[in-house]
Amino acid sequence: MAVRKNLALMLKTMISKNPWQVLYTIAIAASVGLGIVLGMQHFSAASPLTAAQMLPEPKPLTGFILENHRGEMASENIFRGHWSLVFFGFTSCPDYCPMELQKLAKLLNRMGAGDELQVVFVSVDPERDGQEKLASYVHFFHPQIIGLRGSNVELASFANFFGAAYDRSAIFNSKVLSIPAGINMPVEVGEQYQVNHSTRVFMVNPAGEFVGSFTSPYSVKDMLFDMQKLMGR
Amino acid sequence: MNYYSRVIAGVCFCGLASHSAAQVLVENAWVQLAPPAINVNAVYMQIHNPQLRLQTIVSVSADCCAKAMLHNTRKLGDKVVMEHLDYLELPAQANVQLAPGGMHIMLMEPDAELTLESKVKLTFSYSDGSTQEFGLDVKNNDL
C-alpha cells in the first residue's frame, strides 16, 4: 500500500515537473513492447514443425481412380479444397490400424475443423475389404473418415505415388508366399494372410498436392500443433 | 505364498477367476472391441511371473473363437509387420507387457461377433503341460 502511494506521488511529481519526459518514456516503453510482441509472432511463424516432415516441393496428385466407402468414384477431386491426412492399412488389422485410426479420430475431434481437414483410410486389401465392410469400419472410428478402395493395380500406383510401401504374405503349402503390391491375392490362399503396410500418415494440401508426412510414432498433440500451423489456425 | 494367497493375488491383479493354480498373474487384461463385421480382435494385458523360474506359454486358446495366436507388431523400416510367435517366455519374477503396437494375442473367427457384453475365457498352455484360464471383458479402450 505504502509502495503504491509512493509510486503515485513520484509519478505526480514527474508529470508536474516534466510532462514531456513522461510521455517520451511511455512512448518508448510501448514501442519496445510492440516490438517484442511482433518479433515473437514472426519467430512463431518461422519456427519449425514438431513432427511433420515436409517435401522440398509439393507433388500434385493426378490420374487415379479409386472408390470411396459409399461406392462412389474417387479421383484427385476429393483432395481439393481441404487438407487431407492419408493412411494405408487394412480392416483385418487387429492392432496397428485401430491404434492409428483412433489417433486420427482424436485429431479430427480436437481440430474441430469441420470440412477443413479430412482423414482418408486407404485399404490395400481389396479382396477382403468390400465397400460395405470398409464403410462400417471407418465409421466405427469417426464419421468423417473417408475409406478408399480399388483394384490392386490402382492401389499400388496410388501408394507408390506417396512412397507408401506394402505387400502381403501368407503361409501356403507350408511355404511363405509373398504377394507384392499390385498383384491379386491367389484365391487358393483363402482369407488367412498378413498385410505389411506403411506406417506413415501422408499430408495433402487443399490444392491437391502431396506436401509431407508424419512418421510413426507421433503424438496427437504434435500432429495437432503442426496441422494447425500448416492450416494457418 | 500358499495356494489361497496366490489365488487372491490373482483376483486382485486382474479381477478374474482362474480355475487352475495361478502360475502367472495378469492385470489390465482386456479384449479390444473390433469394428462391426471385423472378425479379428486383439487381447492386451500385463503378465507377471511371480515364480523363481522362467515360464513359457506355448499356445493360447479362447472359448469364443476358432483361433488364438501370439503375435508381435514390429516396425521394419517404414512398414509395420505382424509376426507370429511360436511361444512367449516369461522371465522369473518379471513383467511382460502385451500392449498396443507390440506383442498381443490375436483372436480370430469368433463364433459370434464380440460385443461389449461378451465374456471371453482365455487359456494359456505352458511348456510344462499345465494350463491356466482367465476371464476377460471386451472393452473399447483408447489404444
# chains A, B, ... in the order shown; residues from 1 in each chain; ligands from 1
call {"tool": "closest_atom_pairs", "arguments": {"of": "chain A", "to": "chain B", "cutoff": "10 Å", "atoms": "only C-alpha atoms", "output": "JSON lines"}}
result
{"residue": "A:Gly89", "atom": "CA", "partner": "B:Val80", "partner_atom": "CA", "distance": 9.7}
{"residue": "A:Thr91", "atom": "CA", "partner": "B:Ile38", "partner_atom": "CA", "distance": 7.0}
{"residue": "A:Ser92", "atom": "CA", "partner": "B:Val40", "partner_atom": "CA", "distance": 6.3}
{"residue": "A:Cys93", "atom": "CA", "partner": "B:Val40", "partner_atom": "CA", "distance": 7.5}
{"residue": "A:Pro94", "atom": "CA", "partner": "B:Ala42", "partner_atom": "CA", "distance": 5.4}
{"residue": "A:Asp95", "atom": "CA", "partner": "B:Pro100", "partner_atom": "CA", "distance": 6.1}
{"residue": "A:Tyr96", "atom": "CA", "partner": "B:Gly101", "partner_atom": "CA", "distance": 5.5}
{"residue": "A:Cys97", "atom": "CA", "partner": "B:Gly101", "partner_atom": "CA", "distance": 9.2}
{"residue": "A:Pro98", "atom": "CA", "partner": "B:Leu143", "partner_atom": "CA", "distance": 7.8}
{"residue": "A:Met99", "atom": "CA", "partner": "B:Leu143", "partner_atom": "CA", "distance": 5.3}
{"residue": "A:Glu100", "atom": "CA", "partner": "B:Leu143", "partner_atom": "CA", "distance": 8.6}
{"residue": "A:Leu101", "atom": "CA", "partner": "B:Leu143", "partner_atom": "CA", "distance": 9.8}
{"residue": "A:Gln102", "atom": "CA", "partner": "B:Asp142", "partner_atom": "CA", "distance": 7.3}
{"residue": "A:Lys103", "atom": "CA", "partner": "B:Leu143", "partner_atom": "CA", "distance": 8.5}
{"residue": "A:Asp129", "atom": "CA", "partner": "B:Ile38", "partner_atom": "CA", "distance": 9.9}
{"residue": "A:Glu132", "atom": "CA", "partner": "B:Ala37", "partner_atom": "CA", "distance": 9.4}
{"residue": "A:Lys133", "atom": "CA", "partner": "B:Ala37", "partner_atom": "CA", "distance": 6.6}
{"residue": "A:Leu134", "atom": "CA", "partner": "B:Ala37", "partner_atom": "CA", "distance": 9.5}
{"residue": "A:Ala135", "atom": "CA", "partner": "B:Pro36", "partner_atom": "CA", "distance": 9.9}
{"residue": "A:Ser136", "atom": "CA", "partner": "B:Pro36", "partner_atom": "CA", "distance": 6.3}
{"residue": "A:Tyr137", "atom": "CA", "partner": "B:Pro35", "partner_atom": "CA", "distance": 5.5}
{"residue": "A:Val138", "atom": "CA", "partner": "B:Pro35", "partner_atom": "CA", "distance": 8.4}
{"residue": "A:His139", "atom": "CA", "partner": "B:Pro35", "partner_atom": "CA", "distance": 8.7}
{"residue": "A:Phe140", "atom": "CA", "partner": "B:Pro35", "partner_atom": "CA", "distance": 5.7}
{"residue": "A:Phe141", "atom": "CA", "partner": "B:Pro35", "partner_atom": "CA", "distance": 8.0}
{"residue": "A:Gly163", "atom": "CA", "partner": "B:Asp78", "partner_atom": "CA", "distance": 9.7}
{"residue": "A:Ala164", "atom": "CA", "partner": "B:Asp78", "partner_atom": "CA", "distance": 8.1}
{"residue": "A:Ala165", "atom": "CA", "partner": "B:Lys79", "partner_atom": "CA", "distance": 6.7}
{"residue": "A:Tyr166", "atom": "CA", "partner": "B:Lys79", "partner_atom": "CA", "distance": 7.0}
{"residue": "A:Asp167", "atom": "CA", "partner": "B:Lys79", "partner_atom": "CA", "distance": 9.4}
{"residue": "A:Arg168", "atom": "CA", "partner": "B:Val81", "partner_atom": "CA", "distance": 9.8}
{"residue": "A:Gln192", "atom": "CA", "partner": "B:Met108", "partner_atom": "CA", "distance": 9.7}
{"residue": "A:Gln194", "atom": "CA", "partner": "B:Met82", "partner_atom": "CA", "distance": 7.2}
{"residue": "A:Val195", "atom": "CA", "partner": "B:Val81", "partner_atom": "CA", "distance": 7.4}
{"residue": "A:Asn196", "atom": "CA", "partner": "B:Val81", "partner_atom": "CA", "distance": 4.8}
{"residue": "A:His197", "atom": "CA", "partner": "B:Lys79", "partner_atom": "CA", "distance": 5.0}
{"residue": "A:Ser198", "atom": "CA", "partner": "B:Lys79", "partner_atom": "CA", "distance": 4.3}
{"residue": "A:Thr199", "atom": "CA", "partner": "B:Lys79", "partner_atom": "CA", "distance": 5.5}
{"residue": "A:Arg200", "atom": "CA", "partner": "B:Asp78", "partner_atom": "CA", "distance": 7.0}
{"residue": "A:Thr215", "atom": "CA", "partner": "B:Asp78", "partner_atom": "CA", "distance": 8.0}
{"residue": "A:Ser216", "atom": "CA", "partner": "B:Asp78", "partner_atom": "CA", "distance": 8.4}
{"residue": "A:Pro217", "atom": "CA", "partner": "B:Gly101", "partner_atom": "CA", "distance": 9.8}
call {"tool": "write_last_selection", "arguments": {"atoms": "C-alpha atoms", "output": "PDB file, in the first residue's frame"}}
result
ATOM      1  CA  GLY A  89      -3.930 -50.175 -43.964  1.00  0.00           C
ATOM      2  CA  THR A  91      -9.571 -53.745 -41.920  1.00  0.00           C
ATOM      3  CA  SER A  92      -8.458 -57.187 -40.655  1.00  0.00           C
ATOM      4  CA  CYS A  93      -5.570 -55.483 -38.853  1.00  0.00           C
ATOM      5  CA  PRO A  94      -6.239 -56.101 -35.144  1.00  0.00           C
ATOM      6  CA  ASP A  95      -3.586 -53.918 -33.569  1.00  0.00           C
ATOM      7  CA  TYR A  96      -1.792 -51.212 -35.535  1.00  0.00           C
ATOM      8  CA  CYS A  97      -4.553 -49.799 -37.784  1.00  0.00           C
ATOM      9  CA  PRO A  98      -7.106 -49.362 -34.955  1.00  0.00           C
ATOM     10  CA  MET A  99      -4.428 -47.637 -32.880  1.00  0.00           C
ATOM     11  CA  GLU A 100      -3.595 -45.184 -35.683  1.00  0.00           C
ATOM     12  CA  LEU A 101      -7.223 -44.575 -36.649  1.00  0.00           C
ATOM     13  CA  GLN A 102      -8.085 -43.814 -33.018  1.00  0.00           C
ATOM     14  CA  LYS A 103      -5.325 -41.189 -33.051  1.00  0.00           C
ATOM     15  CA  ASP A 129     -12.303 -55.214 -47.800  1.00  0.00           C
ATOM     16  CA  GLU A 132     -19.802 -52.175 -47.044  1.00  0.00           C
ATOM     17  CA  LYS A 133     -17.159 -53.595 -44.729  1.00  0.00           C
ATOM     18  CA  LEU A 134     -14.936 -50.580 -45.352  1.00  0.00           C
ATOM     19  CA  ALA A 135     -17.850 -48.214 -44.685  1.00  0.00           C
ATOM     20  CA  SER A 136     -18.714 -49.723 -41.297  1.00  0.00           C
ATOM     21  CA  TYR A 137     -15.024 -49.912 -40.427  1.00  0.00           C
ATOM     22  CA  VAL A 138     -14.189 -46.235 -40.998  1.00  0.00           C
ATOM     23  CA  HIS A 139     -17.474 -45.104 -39.446  1.00  0.00           C
ATOM     24  CA  PHE A 140     -16.628 -47.020 -36.265  1.00  0.00           C
ATOM     25  CA  PHE A 141     -13.639 -44.736 -35.694  1.00  0.00           C
ATOM     26  CA  GLY A 163       6.093 -43.859 -51.437  1.00  0.00           C
ATOM     27  CA  ALA A 164       3.839 -45.971 -49.197  1.00  0.00           C
ATOM     28  CA  ALA A 165       5.290 -49.474 -49.289  1.00  0.00           C
ATOM     29  CA  TYR A 166       3.115 -52.519 -48.726  1.00  0.00           C
ATOM     30  CA  ASP A 167       2.949 -56.216 -49.564  1.00  0.00           C
ATOM     31  CA  ARG A 168       1.009 -59.271 -48.448  1.00  0.00           C
ATOM     32  CA  GLN A 192      -5.750 -66.001 -43.803  1.00  0.00           C
ATOM     33  CA  GLN A 194      -0.879 -60.827 -43.494  1.00  0.00           C
ATOM     34  CA  VAL A 195      -0.676 -57.323 -44.894  1.00  0.00           C
ATOM     35  CA  ASN A 196       2.544 -55.452 -44.194  1.00  0.00           C
ATOM     36  CA  HIS A 197       1.955 -51.765 -44.798  1.00  0.00           C
ATOM     37  CA  SER A 198       3.360 -48.284 -44.459  1.00  0.00           C
ATOM     38  CA  THR A 199       3.197 -46.606 -41.055  1.00  0.00           C
ATOM     39  CA  ARG A 200       3.345 -43.060 -42.416  1.00  0.00           C
ATOM     40  CA  THR A 215       6.382 -40.844 -39.324  1.00  0.00           C
ATOM     41  CA  SER A 216       5.272 -43.203 -36.594  1.00  0.00           C
ATOM     42  CA  PRO A 217       5.402 -42.901 -33.654  1.00  0.00           C
TER      43      PRO A 217
END
call {"tool": "residues_around", "arguments": {"residues": "range 186-188 of chain A", "least_positions_apart": "3", "cutoff": "10 Å", "atoms": "only C-alpha atoms", "output": "ChimeraX atom specification"}}
result
/A:127,172,179,183,191
call {"tool": "write_last_selection", "arguments": {"atoms": "N, CA and C atoms", "output": "PDB file, in the first residue's frame"}}
result
ATOM      1  N   GLU A 127      -9.415 -57.616 -51.741  1.00  0.00           N
ATOM      2  CA  GLU A 127     -10.121 -58.912 -51.770  1.00  0.00           C
ATOM      3  C   GLU A 127     -10.973 -59.099 -50.506  1.00  0.00           C
ATOM      4  N   PHE A 172       1.386 -70.863 -47.419  1.00  0.00           N
ATOM      5  CA  PHE A 172       0.625 -71.677 -48.358  1.00  0.00           C
ATOM      6  C   PHE A 172       1.451 -72.919 -48.698  1.00  0.00           C
ATOM      7  N   ILE A 179       3.229 -61.722 -51.701  1.00  0.00           N
ATOM      8  CA  ILE A 179       2.492 -61.143 -52.822  1.00  0.00           C
ATOM      9  C   ILE A 179       2.776 -59.630 -52.840  1.00  0.00           C
ATOM     10  N   ILE A 183      -0.509 -56.994 -57.110  1.00  0.00           N
ATOM     11  CA  ILE A 183      -0.827 -58.354 -57.560  1.00  0.00           C
ATOM     12  C   ILE A 183      -2.041 -58.875 -56.772  1.00  0.00           C
ATOM     13  N   GLU A 191      -8.523 -66.660 -46.849  1.00  0.00           N
ATOM     14  CA  GLU A 191      -8.636 -65.349 -46.197  1.00  0.00           C
ATOM     15  C   GLU A 191      -7.597 -65.139 -45.115  1.00  0.00           C
TER      16      GLU A 191
END
call {"tool": "residues_around", "arguments": {"residues": "Asp86 in chain B", "least_positions_apart": "5", "cutoff": "10 Å", "atoms": "only C-alpha atoms", "output": "list in words"}}
result
Ile57, Val58, Ser59, Met69, Leu70 and His71 of chain B
call {"tool": "atom_distance", "arguments": {"atom1": "CA of Pro50 in chain B", "atom2": "CA of Leu136 in chain B"}}
result
20.7 Å
call {"tool": "closest_residue", "arguments": {"among": "B:Cys64, B:Asp111, B:Ser127, B:Val96", "to": "Leu25 in chain B", "atoms": "only C-alpha atoms"}}
result
B:Val96
call {"tool": "residues_around", "arguments": {"residues": "Phe87 in chain A", "least_positions_apart": "3", "cutoff": "7 Å", "atoms": "only C-alpha atoms", "output": "PyMOL selection string"}}
result
chain A and resi 120-122+200-202
call {"tool": "atom_distance", "arguments": {"atom1": "CA of Asn140 in chain B", "atom2": "CA of Ser219 in chain A"}}
result
19.8 Å
call {"tool": "residues_around", "arguments": {"residues": "range 64-69 of chain A", "least_positions_apart": "5", "cutoff": "12 Å", "atoms": "only C-alpha atoms", "output": "MDAnalysis selection string"}}
result
chainID A and resid 74:79 120:124 126 129:139 143:161
call {"tool": "select_by_dssp", "arguments": {"residues": "chain B", "states": "strand (DSSP E)", "output": "MDAnalysis selection string"}}
result
chainID B and resid 25:32 40:49 55:62 65:76 79:85 88:90 94:98 103:110 119:126 131:139
call {"tool": "residues_around", "arguments": {"residues": "Gln55 in chain B", "least_positions_apart": "4", "cutoff": "9 Å", "atoms": "only C-alpha atoms", "output": "list in words"}}
result
Gln23, Val24, Asn49, Gln51, Leu88, Glu89, Leu90, Pro91, Ala92, Tyr126, Ser127 and Asp128 of chain B
